[in-house]
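Structure, as structure tokens:
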Amino acid sequence: MSKYRNLVIGTALASALMAAPALAEKLGLGRPALPEEVAAWDKDVRPDGLGLPDGSGSVEDGEMIFADSCAVCHGDFAEGVGNWPKLAGGANTLDHADPLKTVGSYWPYLSTTWDYVHRSMPFGDAQTLSADEVYAIVAYILYSNDLVEDDFVLSKENFLEVEMPNADGFIVDDREETELPLFTAEPCMENCKDTVEVTMRAAVLDVTPDIGEEAAAETPAEAEVAEAAPAAEEPPAAETAALDPEMVAKGEKVFKKCKACHQVGEGAKNRTGPVLNGVFGRTAGMVDGFKYSKVMAAAADDGLVWDHETLSAYLENPKAYLPKNKMSFAGLKKEEDRAAVIAYLRSFD
Amino acid sequence: MTDKSDPTTTRRGFLKAGLAAGGAVAAGGAAHAAGDPLITEIQPWAQGLGEGVDATPYGLPIKYEGDVVRRNVEWLTADTISSINFTPIHALDGTITPQGCAFERHHSGAIELRKEDYRLMINGLVDTPLVFTYADLERFPRVTRTYFLECAANTGMEWAGAQLNGSQFTHGMIHNMEYTGVTLRTLLEEAGVKPEGKWVMVEGADASSNARSIPLEKAMDDCLVAFKANGEALRMEHGYPVRLCVPGWEGNMWVKWLRRIEVGDKPWESREETSKYTDTLEDGTSRKWTWVMDAKSVVTSPSPQMPITHGKGPLVITGLAWSGRGAIARVDVSVDGGKNWKEARLAAPGQDMALTRFYLDHDWDGSEMFLQSRAIDSTGYVQPTKTQLREVRGLNSIYHNNCIQTWWVKPSGEAENVEVS
């Protein structure tokens with residue numbers, strides 16, 4: 001019964017014009033946003049300083065906060081780790097063959113750095129820095145770019161006085177004037193050129209990922225990374241046969257969240273986090289060549305051993321389990337995810 | 001370690017396998033003396049029973065299409081959380097991109113945000129700052145529109161030279177979906193934009209808080225606050241439950257998990273519109289606010305991932321064309337590297353800011369081809385060659401590379417990404 005009624009309504013609608021809805025008046029939907037709600041979400045900062053909160057921070061403080069919160073990816077001197085963004089250097093390289101674009105060499109407004117650090121960083125632990133901490137980090141990034149002295153203190157009051165080297169380096173899109181006249185001529189259809197010679201071949205460079213393989217592509221520039229990539233296809237060793245293969249497979253998927261910083265498997269190397277081979281069952285903080293946080297080193301001295309219970313608690317909320325440790329990761333909130341990733345790690349014992 | 005100097009030693013096992021299988025198919029299609037066993041013998045699927053309904057409550061492609069998936073180029077980014085992958089455009093046809101294989105770009109990973117937990121705020125220079133729930137959005141007058149989304153960095157790896165071997169990798173940062181939602185104009189009018197409001201900032205709910213400034217004129221023109229794509233809810237990786245569509249403009253502005261729209265009198269100059277998505281020219285100055293995606297096209301097959309496996313004779317050359325300035329009016333195809341061009345057949349008349357499929361029905365003589373396509377849009381813009389683009393922009397632009405692409409198709413049917421004079 002109702003089926004037929006719907007059909008009639010549908011037909012009537014279809015005969016109406018397919019135009020944008022014309023609204024005569026407001027619909028009264030939604031509700032007014034409360035001032036505290038707007039304040040909670042409206043954190044953005046503009047080049048003219050709009051949105052900048054009260055506060056200040058020194059280069060000196062910034063160096064320490066940066067080491068704790070940023071250096072795992074961006075390096076102690078903002079020089080960048082691996083493929084992670086470099087924040088310092090690159091002055092006067094923008095017209096070079098391979099420009100290095102950093103806060104110092106490229107970013108036109110200091111407000112952008114403040115805004116981005118405040119709203120979007122640290123990676124995996126966003127929106128946890130206080131205004132003073134952000135001022136300090138931004139001061140340190142300026143210092144890393146040789147733009148201020150080591151006794152500099154950045155504050156709301158002196159914020160607009162900082163001059164960014166590439167502030168005048170941008171023009172508004174001019175394609176309409178510079179390109180459209182060139183690219184709107186009637187195109188040639190016949191005998192448009194005499195010869196066609198191959199001038200460049202992708203197969204020579206060969207950086208295309210192999211289809212059907214999960215292994216990292218090897219490129220001359222990234223060869224080191226590729227060589228260090230985990231051998232994901234390695235079958236689990238014999239002694240781990242007791243592990244549930246389904247759990248291990250599920251854990252491998254969960255581990256994607258960890259791969260940004262951790263390697264595991266044959267040829268794994270320390271990156272922003274330590275190698276995780278054999279982590280299950282051993283004392284914390286024991287990977288050679290990895291610089292642990294003070295708290296992790298202290299926990300190791302106290303005899304912290306990574307068993308199912310401790311690993312699961314740590315992975316659920318790394319910052320709560322060991323405050324001030326280096327791992328910028330929000331945690332695995334689902335018990336099943338933690339169990340799976342632990343099973344996966346055990347397969348590399 | 002593969003020898004990079006000699007292309008014949010590259011590890012393209014898939015290609016060789018594809019060619020071998022292709023040969024078999026060609027033979028199998030011909031009549032055997034005793035007849036084709038696929039016809040003369042009763043096959044299992046013609047005798048037994050298939051799967052019942054509900055075996056798969058929400059279906060995936062059949063296993064034989066398991067290689068038609070998004071793919072990542074690992075060396076491009078530091079990790080997979082702030083990263084990008086590529087739509088398998090080489091293997092698709094028509095114009096709509098299924099959500100499940102439409103490329104992903106995340107800055108802090110794809111988040112799980114329930115409709116019930118979703119809030120959208122409009123604040124700034126408005127008469128009444130407002131908060132909407134998902135259910136509120138469903139009560140506004142609704143529109144359905146088809147648009148392409150192209151990342152500004154699509155083809156960005158090709159500025160300095162031919163680099164990636166496959167249209168998926170050279171041109172796969174694109175998808176085209178039919179979106180359903182509410183126009184941004186409708187929502188802004190509900191809040192009431194003050195006369196001094198000239199820009200809006202759109203912000204996502206994920207940890208990256210991606211924020212982009214959009215001129216009010218564009219916001220009031222055709223931007224769409226979408227909650228459905230291709231008829232179904234947005235997939236998580238495409239911004240469930242609500243994303244913004246900014247038709248014809250670079251994909252980074254199509255903020256996913258849209259949580260806030262702020263009206264202001266000036267642009268915000270956020271990270272994604274200053275340090276990224278700005279195009280550095282040869283003299284070191286950089287263009288900003290290069291929002292519009294220029295007209296562009298690519299032959300999706302034949303291409304490096306789609307070799308010709310049937311030998312000479314009838315060949316379907318097909319590809320995609322699009323323009324951020326309007327509709328595709330015409331696509332030309334060349335098989336000789338741009339010496340001579342033929343007008344391709346459009347599968348349907350071009351639509352504004354949506355993908356257009358083109359075909360050229362070709363009688364291949366089995367000799368090598370240098371396949372190119374050239375899009376012309378409704379404004380008269382003609383897709384340029386890479387040489388033309390480099391003359392204006394140099395090699396360091398990263399973004400907005402809309403050059404004509406060349407595939408060198410060998411007599412064997414294999415194809416390679418090349419540049420030609």
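Just remember, in the structure tokens the first chain shown is A, the second B, etc., residues are 1-based per chain, and ligands are 1-based in the order shown.
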
For Met164 (chain A): contacts at 7 Å, only C-alpha atoms, fewer than 2 positions along chain excluded, given as a tab-separated table (two decimals) with all heavy atoms, in the first residue's frame:
```
chain	number	residue	atom	x	y	z
A	104	GLY	N	61.86	28.93	8.17
A	104	GLY	CA	62.75	30.06	7.98
A	104	GLY	C	62.89	30.48	6.53
A	104	GLY	O	62.93	31.67	6.22
A	108	PRO	N	55.67	32.49	4.96
A	108	PRO	CA	55.60	33.96	4.92
A	108	PRO	C	55.12	34.60	6.22
A	108	PRO	O	55.42	35.77	6.48
A	108	PRO	CB	54.61	34.24	3.79
A	108	PRO	CG	53.77	33.01	3.70
A	108	PRO	CD	54.64	31.87	4.10
A	109	TYR	N	54.37	33.86	7.03
A	109	TYR	CA	53.79	34.46	8.24
A	109	TYR	C	54.15	33.63	9.45
A	109	TYR	O	53.99	32.41	9.45
A	109	TYR	CB	52.26	34.53	8.14
A	109	TYR	CG	51.78	35.24	6.90
A	109	TYR	CD1	51.25	34.53	5.82
A	109	TYR	CD2	51.85	36.64	6.80
A	109	TYR	CE1	50.81	35.18	4.68
A	109	TYR	CE2	51.41	37.29	5.66
A	109	TYR	CZ	50.89	36.55	4.60
A	109	TYR	OH	50.46	37.20	3.47
A	110	LEU	N	54.56	34.30	10.52
A	110	LEU	CA	54.85	33.59	11.75
A	110	LEU	C	53.57	33.02	12.36
A	110	LEU	O	53.59	31.98	13.02
A	110	LEU	CB	55.54	34.53	12.75
A	110	LEU	CG	56.08	33.85	14.02
A	110	LEU	CD1	57.10	32.78	13.67
A	110	LEU	CD2	56.68	34.87	14.97
A	162	VAL	N	58.22	40.28	14.54
A	162	VAL	CA	59.14	39.32	13.92
A	162	VAL	C	58.97	39.35	12.40
A	162	VAL	O	57.85	39.24	11.89
A	162	VAL	CB	58.88	37.89	14.44
A	162	VAL	CG1	59.83	36.90	13.78
A	162	VAL	CG2	59.02	37.84	15.95
A	166	ASN	N	60.83	35.28	3.97
A	166	ASN	CA	60.16	35.12	2.66
A	166	ASN	C	58.77	35.77	2.65
A	166	ASN	O	57.91	35.39	1.86
A	166	ASN	CB	60.06	33.63	2.31
A	166	ASN	CG	59.75	33.41	0.85
A	166	ASN	OD1	60.26	34.11	-0.02
A	166	ASN	ND2	58.89	32.44	0.57
A	167	ALA	N	58.56	36.77	3.52
A	167	ALA	CA	57.24	37.41	3.60
A	167	ALA	C	56.80	37.98	2.26
A	167	ALA	O	55.62	37.96	1.91
A	167	ALA	CB	57.25	38.50	4.66
```

_I'd like to know which residues of region 138-326 of chain A are alpha helix (DSSP H) (by DSSP, run on the backbone); could you write them as number ranges by chain?_
A: 138-144, 175-178, 202-205, 223-228, 245-254, 294-301, 308-316, 318-321

*Which of region 87-271 of chain B counts as strand (DSSP E or B) under DSSP, as a PyMOL selection string please?*
chain B and resi 105-106+119-124+126+130-133+143-150+174-183+193+199-204+211-215+224-229+232-233+243-245+249+258-264

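Closest approach to chain B among A:Ser347, A:Ser56, A:Asn191, A:Thr128 is made by A:Asn191 (distances from only C-alpha atoms).
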
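Comparing A:Trp306, A:Tyr321, A:Phe329, A:Phe66 by their smallest distance to chain B, the closest is A:Phe329 (using only C-alpha atoms).
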